[in-house]
Amino acid sequence: MTPTMELVKATERPLHGGVVYFDVLAWFHKFLNPKNYLEIGTRTGDSLRSVTCPSIAIDPAFQISEDIIGRKSILHIFQKTSDDFFRDHDPAILFGAPVDLAFLDGLHWYEFLLRDFINIEKSCRKNSVVVLHDCIPTNLYYARRLLEDLSGLSSQMPNPNWWAGDVWKTVAILKKARPDLRIHAFDAPPTGLVCITNLNPGSTVLEEDYYDLVQELMDTSQDADNFVSYCNSLTVRPTGDLATADRMARFFWL
Ligand SMILES: C[S@@+](CC[C@H](N)C(=O)[O-])C[C@H]1O[C@@H](n2cnc3c(N)ncnc32)[C@H](O)[C@@H]1O
């Protein structure tokens, strides 16, 4: 089922009032000083350009027109899907160390983001930080599965071109299936940042239950109810909680 205008209105929440996600990512680099960084869904490189540590960038269709190397001593670029990347490569071997910081912003469908999380966690350490983009959309229109589905669009909709996809379901799955993870949500415009730590590279729960976990949320007729319960389950913190090294250290520590 596609979201109707009425369902979209019923799920509407205030737009995020924090600092845009690019700036929050810059804080992670500045305050945590990660030894390395992996990014899925690099596109133009806007979130990679100012990174200085050794990095891996993955995207099946890069649109790079400016320098993205900057001061990095090492930059691995993989023009392939994230599934293909993880099938063929181990980022911890490429870096010679576990991945410290990862930003997952590839295909906006939840089963893809779930696989990206499963795959990256294996190459992380306990304190590594995995940042998920687009998982706190502020209404069901932004959260629709299909970009081309405009059935929930009304003339009052702010930012009618926003599309977060249904990756919010990945966080709903992680909250249910992996209570051991520390999952923190922040009000970074446009569609939120979810930052995860206390990882367990040896965990097999998500992989073992993958098909059941995905199947449970595939029926889009339940999306409005599931989306509202998901939003109610989240404590969305102000991005200001990460704005200094001391504040960030309350949540994350590399
Ligand atoms: C929303 S854009 C990323 C924007 C970028 N991170 C930024 O903040 O400016 C999503 C990107 O994911 C890429 N993508 C699509 N399918 C993918 C897949 N299966 N694996 C990895 N990346 C994918 C697209 O090519 C696109 O460049």
# chains A, B, ... in the order shown; residues from 1 in each chain; ligands from 1
call {"tool": "closest_atom_pairs", "arguments": {"of": "chain A", "to": "ligand 1", "cutoff": "9 Å", "atoms": "only C-alpha atoms and all ligand atoms", "output": "Markdown table"}}
result
| residue | atom | partner | partner_atom_place_in_ligand_line | distance |
| --- | --- | --- | --- | --- |
| A:Tyr21 | CA | ligand 1 | 8 (O) | 8.0 |
| A:Phe22 | CA | ligand 1 | 8 (O) | 7.1 |
| A:Glu39 | CA | ligand 1 | 6 (N) | 7.6 |
| A:Ile40 | CA | ligand 1 | 21 (C) | 5.4 |
| A:Gly41 | CA | ligand 1 | 12 (O) | 3.6 |
| A:Thr42 | CA | ligand 1 | 6 (N) | 4.5 |
| A:Arg43 | CA | ligand 1 | 27 (O) | 3.5 |
| A:Thr44 | CA | ligand 1 | 9 (O) | 6.1 |
| A:Gly45 | CA | ligand 1 | 9 (O) | 6.2 |
| A:Asp46 | CA | ligand 1 | 9 (O) | 5.0 |
| A:Ser47 | CA | ligand 1 | 8 (O) | 5.3 |
| A:Leu48 | CA | ligand 1 | 6 (N) | 8.3 |
| A:Ile58 | CA | ligand 1 | 21 (C) | 5.9 |
| A:Asp59 | CA | ligand 1 | 22 (N) | 4.2 |
| A:Pro60 | CA | ligand 1 | 25 (O) | 5.4 |
| A:Ala61 | CA | ligand 1 | 25 (O) | 4.5 |
| A:Phe62 | CA | ligand 1 | 27 (O) | 6.0 |
| A:Gln63 | CA | ligand 1 | 27 (O) | 7.3 |
| A:Gln79 | CA | ligand 1 | 21 (C) | 8.6 |
| A:Lys80 | CA | ligand 1 | 20 (N) | 6.7 |
| A:Thr81 | CA | ligand 1 | 20 (N) | 3.6 |
| A:Ser82 | CA | ligand 1 | 20 (N) | 4.0 |
| A:Asp83 | CA | ligand 1 | 19 (N) | 6.5 |
| A:Asp84 | CA | ligand 1 | 20 (N) | 8.1 |
| A:Phe85 | CA | ligand 1 | 20 (N) | 8.4 |
| A:Phe103 | CA | ligand 1 | 6 (N) | 8.0 |
| A:Leu104 | CA | ligand 1 | 6 (N) | 7.7 |
| A:Asp105 | CA | ligand 1 | 6 (N) | 5.1 |
| A:Gly106 | CA | ligand 1 | 12 (O) | 3.4 |
| A:Leu107 | CA | ligand 1 | 16 (N) | 4.0 |
| A:His108 | CA | ligand 1 | 10 (C) | 7.3 |
| A:Phe112 | CA | ligand 1 | 19 (N) | 7.0 |
| A:Leu113 | CA | ligand 1 | 20 (N) | 8.9 |
| A:Asp116 | CA | ligand 1 | 20 (N) | 8.4 |
| A:His133 | CA | ligand 1 | 6 (N) | 8.2 |
| A:Asp134 | CA | ligand 1 | 1 (C) | 8.6 |
| A:Trp163 | CA | ligand 1 | 1 (C) | 8.6 |
| A:Ala164 | CA | ligand 1 | 1 (C) | 8.1 |
call {"tool": "select_by_dssp", "arguments": {"residues": "range 39-167 of chain A", "states": "helix (DSSP H, G or I)", "output": "VMD selection string"}}
result
chain A and resid 82 to 88 91 to 95 110 to 122
call {"tool": "write_last_selection", "arguments": {"atoms": "C-alpha atoms", "output": "short mmCIF file (atom, residue, chain, number, x, y, z; two decimals), in the first residue's frame"}}
result
data_model
loop_
_atom_site.label_atom_id
_atom_site.label_comp_id
_atom_site.auth_asym_id
_atom_site.auth_seq_id
_atom_site.Cartn_x
_atom_site.Cartn_y
_atom_site.Cartn_z
CA SER A 82 28.09 -2.29 -1.09
CA ASP A 83 27.00 -5.94 -1.37
CA ASP A 84 29.63 -6.50 -4.07
CA PHE A 85 32.22 -4.63 -2.02
CA PHE A 86 31.71 -6.80 1.08
CA ARG A 87 31.61 -9.96 -1.04
CA ASP A 88 35.01 -9.13 -2.53
CA PRO A 91 37.81 -3.30 5.02
CA ALA A 92 39.77 -4.30 8.14
CA ILE A 93 42.33 -5.96 5.87
CA LEU A 94 42.42 -2.93 3.55
CA PHE A 95 43.03 -0.64 6.54
CA TYR A 110 15.90 -1.16 4.72
CA GLU A 111 17.03 -4.63 3.73
CA PHE A 112 20.05 -3.09 1.99
CA LEU A 113 20.96 -0.95 5.01
CA LEU A 114 20.51 -3.95 7.29
CA ARG A 115 23.02 -5.90 5.18
CA ASP A 116 25.39 -2.92 5.20
CA PHE A 117 25.19 -2.85 9.00
CA ILE A 118 25.68 -6.63 9.30
CA ASN A 119 28.70 -6.44 7.01
CA ILE A 120 30.37 -3.41 8.54
CA GLU A 121 29.93 -4.62 12.12
CA LYS A 122 32.13 -7.63 11.32
#
call {"tool": "residues_around", "arguments": {"residues": "Arg125 in chain A", "least_positions_apart": "2", "cutoff": "9 Å", "atoms": "only C-alpha atoms", "output": "VMD selection string"}}
result
chain A and resid 98 to 100 121 to 123 127 to 129 198 to 201
call {"tool": "write_last_selection", "arguments": {"atoms": "C-alpha atoms", "output": "tab-separated table (two decimals), in the first residue's frame"}}
result
chain	number	residue	atom	x	y	z
A	98	PRO	CA	39.29	-2.49	12.43
A	99	VAL	CA	37.06	0.22	10.99
A	100	ASP	CA	36.76	3.09	13.51
A	121	GLU	CA	29.93	-4.62	12.12
A	122	LYS	CA	32.13	-7.63	11.32
A	123	SER	CA	35.03	-5.26	10.52
A	127	ASN	CA	33.83	1.08	20.44
A	128	SER	CA	33.65	1.82	16.70
A	129	VAL	CA	30.84	4.13	15.63
A	198	ASN	CA	28.92	-1.07	21.64
A	199	LEU	CA	29.23	-3.25	18.56
A	200	ASN	CA	29.88	-6.97	18.57
A	201	PRO	CA	31.82	-8.07	15.48
call {"tool": "residues_around", "arguments": {"residues": "range 26-36 of chain A", "least_positions_apart": "3", "cutoff": "6 Å", "atoms": "only C-alpha atoms", "output": "ChimeraX atom specification"}}
result
/A:23,53-55,100,245
call {"tool": "write_last_selection", "arguments": {"atoms": "C-alpha atoms", "output": "PDB file, in the first residue's frame"}}
result
ATOM      1  CA  ASP A  23      28.538  19.227  10.338  1.00  0.00           C
ATOM      2  CA  CYS A  53      42.204   9.927   7.884  1.00  0.00           C
ATOM      3  CA  PRO A  54      42.652   6.873   5.598  1.00  0.00           C
ATOM      4  CA  SER A  55      39.274   6.225   3.966  1.00  0.00           C
ATOM      5  CA  ASP A 100      36.759   3.087  13.510  1.00  0.00           C
ATOM      6  CA  ALA A 245      34.640  16.745  22.724  1.00  0.00           C
TER       7      ALA A 245
END
call {"tool": "atom_distance", "arguments": {"atom1": "CA of Val19 in chain A", "atom2": "CA of Ala243 in chain A"}}
result
9.3 Å
call {"tool": "residues_around", "arguments": {"residues": "range 137-153 of chain A", "least_positions_apart": "6", "cutoff": "9 Å", "atoms": "only C-alpha atoms", "output": "PyMOL selection string"}}
result
chain A and resi 2-16+108-110+160-168+190-192+220+223-224+227+231
call {"tool": "write_last_selection", "arguments": {"atoms": "C-alpha atoms", "output": "mmCIF file, in the first residue's frame"}}
result
data_model
loop_
_atom_site.group_PDB
_atom_site.id
_atom_site.type_symbol
_atom_site.label_atom_id
_atom_site.label_comp_id
_atom_site.auth_asym_id
_atom_site.auth_seq_id
_atom_site.Cartn_x
_atom_site.Cartn_y
_atom_site.Cartn_z
ATOM 1 C CA THR A 2 1.257 3.513 -0.742
ATOM 2 C CA PRO A 3 0.975 6.251 1.928
ATOM 3 C CA THR A 4 -2.114 8.433 1.461
ATOM 4 C CA MET A 5 -2.153 12.164 2.279
ATOM 5 C CA GLU A 6 -4.212 11.368 5.408
ATOM 6 C CA LEU A 7 -1.670 8.824 6.663
ATOM 7 C CA VAL A 8 1.170 11.222 5.931
ATOM 8 C CA LYS A 9 -0.597 13.953 7.930
ATOM 9 C CA ALA A 10 -1.199 11.551 10.827
ATOM 10 C CA THR A 11 2.514 10.719 11.004
ATOM 11 C CA GLU A 12 3.798 14.295 10.654
ATOM 12 C CA ARG A 13 6.405 15.457 13.219
ATOM 13 C CA PRO A 14 8.277 18.746 13.487
ATOM 14 C CA LEU A 15 11.237 19.134 11.131
ATOM 15 C CA HIS A 16 14.598 18.471 12.790
ATOM 16 C CA HIS A 108 17.552 3.775 0.806
ATOM 17 C CA TRP A 109 15.830 0.419 1.295
ATOM 18 C CA TYR A 110 15.903 -1.162 4.720
ATOM 19 C CA PRO A 160 8.562 17.706 -1.572
ATOM 20 C CA ASN A 161 11.793 16.403 -3.132
ATOM 21 C CA TRP A 162 13.039 14.750 0.093
ATOM 22 C CA TRP A 163 13.222 10.969 0.057
ATOM 23 C CA ALA A 164 14.671 8.982 2.955
ATOM 24 C CA GLY A 165 13.242 5.650 1.810
ATOM 25 C CA ASP A 166 12.243 3.035 4.363
ATOM 26 C CA VAL A 167 15.642 2.675 6.086
ATOM 27 C CA TRP A 168 13.957 3.656 9.375
ATOM 28 C CA PRO A 190 17.060 16.774 6.950
ATOM 29 C CA THR A 191 16.173 13.255 8.100
ATOM 30 C CA GLY A 192 18.191 12.529 11.216
ATOM 31 C CA THR A 220 3.689 -1.824 3.601
ATOM 32 C CA ASP A 223 3.868 1.047 7.608
ATOM 33 C CA ALA A 224 1.899 3.885 9.208
ATOM 34 C CA PHE A 227 6.356 4.111 11.699
ATOM 35 C CA CYS A 231 9.090 7.218 16.207
#
call {"tool": "closest_residue", "arguments": {"among": "A:Val194, A:Ala177, A:Ile56, A:Gly18", "to": "Ile68 in chain A", "atoms": "only C-alpha atoms"}}
result
A:Ile56
call {"tool": "residues_around", "arguments": {"residues": "Lys176 in chain A", "least_positions_apart": "2", "cutoff": "12 Å", "atoms": "only C-alpha atoms", "output": "VMD selection string"}}
result
chain A and resid 169 to 174 178 to 181 183 205 to 206 209 213 216 230 233
call {"tool": "write_last_selection", "arguments": {"atoms": "N, CA and C atoms", "output": "PDB file, in the first residue's frame"}}
result
ATOM      1  N   LYS A 169      13.198   1.371   9.010  1.00  0.00           N
ATOM      2  CA  LYS A 169      12.867   0.004   9.453  1.00  0.00           C
ATOM      3  C   LYS A 169      14.124  -0.752   9.924  1.00  0.00           C
ATOM      4  N   THR A 170      15.282  -0.386   9.364  1.00  0.00           N
ATOM      5  CA  THR A 170      16.524  -1.035   9.809  1.00  0.00           C
ATOM      6  C   THR A 170      16.750  -0.760  11.289  1.00  0.00           C
ATOM      7  N   VAL A 171      16.521   0.486  11.694  1.00  0.00           N
ATOM      8  CA  VAL A 171      16.735   0.828  13.110  1.00  0.00           C
ATOM      9  C   VAL A 171      15.687   0.132  13.978  1.00  0.00           C
ATOM     10  N   ALA A 172      14.444   0.048  13.468  1.00  0.00           N
ATOM     11  CA  ALA A 172      13.408  -0.675  14.216  1.00  0.00           C
ATOM     12  C   ALA A 172      13.858  -2.129  14.436  1.00  0.00           C
ATOM     13  N   ILE A 173      14.447  -2.724  13.408  1.00  0.00           N
ATOM     14  CA  ILE A 173      14.934  -4.112  13.519  1.00  0.00           C
ATOM     15  C   ILE A 173      16.087  -4.195  14.527  1.00  0.00           C
ATOM     16  N   LEU A 174      17.029  -3.266  14.432  1.00  0.00           N
ATOM     17  CA  LEU A 174      18.190  -3.313  15.343  1.00  0.00           C
ATOM     18  C   LEU A 174      17.742  -3.148  16.788  1.00  0.00           C
ATOM     19  N   ARG A 178      18.694  -6.469  18.523  1.00  0.00           N
ATOM     20  CA  ARG A 178      20.034  -6.284  19.098  1.00  0.00           C
ATOM     21  C   ARG A 178      20.003  -5.294  20.267  1.00  0.00           C
ATOM     22  N   PRO A 179      19.374  -5.717  21.379  1.00  0.00           N
ATOM     23  CA  PRO A 179      19.316  -4.820  22.528  1.00  0.00           C
ATOM     24  C   PRO A 179      20.687  -4.506  23.116  1.00  0.00           C
ATOM     25  N   ASP A 180      21.697  -5.272  22.709  1.00  0.00           N
ATOM     26  CA  ASP A 180      23.054  -5.013  23.207  1.00  0.00           C
ATOM     27  C   ASP A 180      23.690  -3.775  22.563  1.00  0.00           C
ATOM     28  N   LEU A 181      23.195  -3.343  21.420  1.00  0.00           N
ATOM     29  CA  LEU A 181      23.766  -2.167  20.753  1.00  0.00           C
ATOM     30  C   LEU A 181      23.364  -0.896  21.495  1.00  0.00           C
ATOM     31  N   ILE A 183      22.187   2.577  20.678  1.00  0.00           N
ATOM     32  CA  ILE A 183      21.639   3.264  19.506  1.00  0.00           C
ATOM     33  C   ILE A 183      21.188   4.656  19.926  1.00  0.00           C
ATOM     34  N   VAL A 205      23.414 -12.829  15.198  1.00  0.00           N
ATOM     35  CA  VAL A 205      21.951 -12.799  15.362  1.00  0.00           C
ATOM     36  C   VAL A 205      21.261 -12.267  14.105  1.00  0.00           C
ATOM     37  N   LEU A 206      21.757 -11.149  13.595  1.00  0.00           N
ATOM     38  CA  LEU A 206      21.071 -10.506  12.466  1.00  0.00           C
ATOM     39  C   LEU A 206      21.179 -11.364  11.209  1.00  0.00           C
ATOM     40  N   ASP A 209      18.863 -14.466  11.546  1.00  0.00           N
ATOM     41  CA  ASP A 209      17.423 -14.181  11.480  1.00  0.00           C
ATOM     42  C   ASP A 209      17.065 -13.237  10.336  1.00  0.00           C
ATOM     43  N   LEU A 213      13.480 -11.246   9.903  1.00  0.00           N
ATOM     44  CA  LEU A 213      13.468  -9.835  10.307  1.00  0.00           C
ATOM     45  C   LEU A 213      13.020  -8.945   9.149  1.00  0.00           C
ATOM     46  N   GLU A 216       9.137  -9.522   8.289  1.00  0.00           N
ATOM     47  CA  GLU A 216       8.193  -8.950   9.251  1.00  0.00           C
ATOM     48  C   GLU A 216       7.768  -7.531   8.906  1.00  0.00           C
ATOM     49  N   TYR A 230       7.667   3.206  15.893  1.00  0.00           N
ATOM     50  CA  TYR A 230       9.122   3.409  15.820  1.00  0.00           C
ATOM     51  C   TYR A 230       9.485   4.807  16.309  1.00  0.00           C
ATOM     52  N   SER A 233       9.312   5.161  19.901  1.00  0.00           N
ATOM     53  CA  SER A 233      10.329   4.394  20.639  1.00  0.00           C
ATOM     54  C   SER A 233      11.684   5.108  20.689  1.00  0.00           C
TER      55      SER A 233
END
call {"tool": "atom_distance", "arguments": {"atom1": "CA of Lys175 in chain A", "atom2": "CA of Gly202 in chain A"}}
result
17.9 Å
call {"tool": "select_by_dssp", "arguments": {"residues": "range 78-230 of chain A", "states": "strand (DSSP E)", "output": "PyMOL selection string"}}
result
chain A and resi 78+99-104+124-133+182-186+193-197
call {"tool": "atom_distance", "arguments": {"atom1": "CA of Leu101 in chain A", "atom2": "CA of Leu254 in chain A"}}
result
8.9 Å
call {"tool": "residues_around", "arguments": {"residues": "Cys195 in chain A", "least_positions_apart": "4", "cutoff": "7 Å", "atoms": "only C-alpha atoms", "output": "compact mmCIF listing (two decimals) with N, CA and C atoms, in the first residue's frame"}}
result
# COMPACT_ATOMS: atom_id res chain seq x y z
N VAL A 129 32.13 3.44 15.77
CA VAL A 129 30.84 4.13 15.63
C VAL A 129 30.34 3.94 14.21
N VAL A 130 29.09 3.50 14.09
CA VAL A 130 28.45 3.36 12.78
C VAL A 130 27.30 4.37 12.73
N VAL A 131 27.39 5.27 11.75
CA VAL A 131 26.40 6.36 11.63
C VAL A 131 25.47 6.04 10.46
N LEU A 132 24.17 6.02 10.74
CA LEU A 132 23.18 5.73 9.69
C LEU A 132 22.46 7.02 9.33
N ILE A 183 22.19 2.58 20.68
CA ILE A 183 21.64 3.26 19.51
C ILE A 183 21.19 4.66 19.93
N HIS A 184 21.82 5.69 19.38
CA HIS A 184 21.51 7.07 19.75
C HIS A 184 21.00 7.82 18.53
N ALA A 185 19.88 8.55 18.70
CA ALA A 185 19.26 9.28 17.58
C ALA A 185 19.45 10.78 17.78
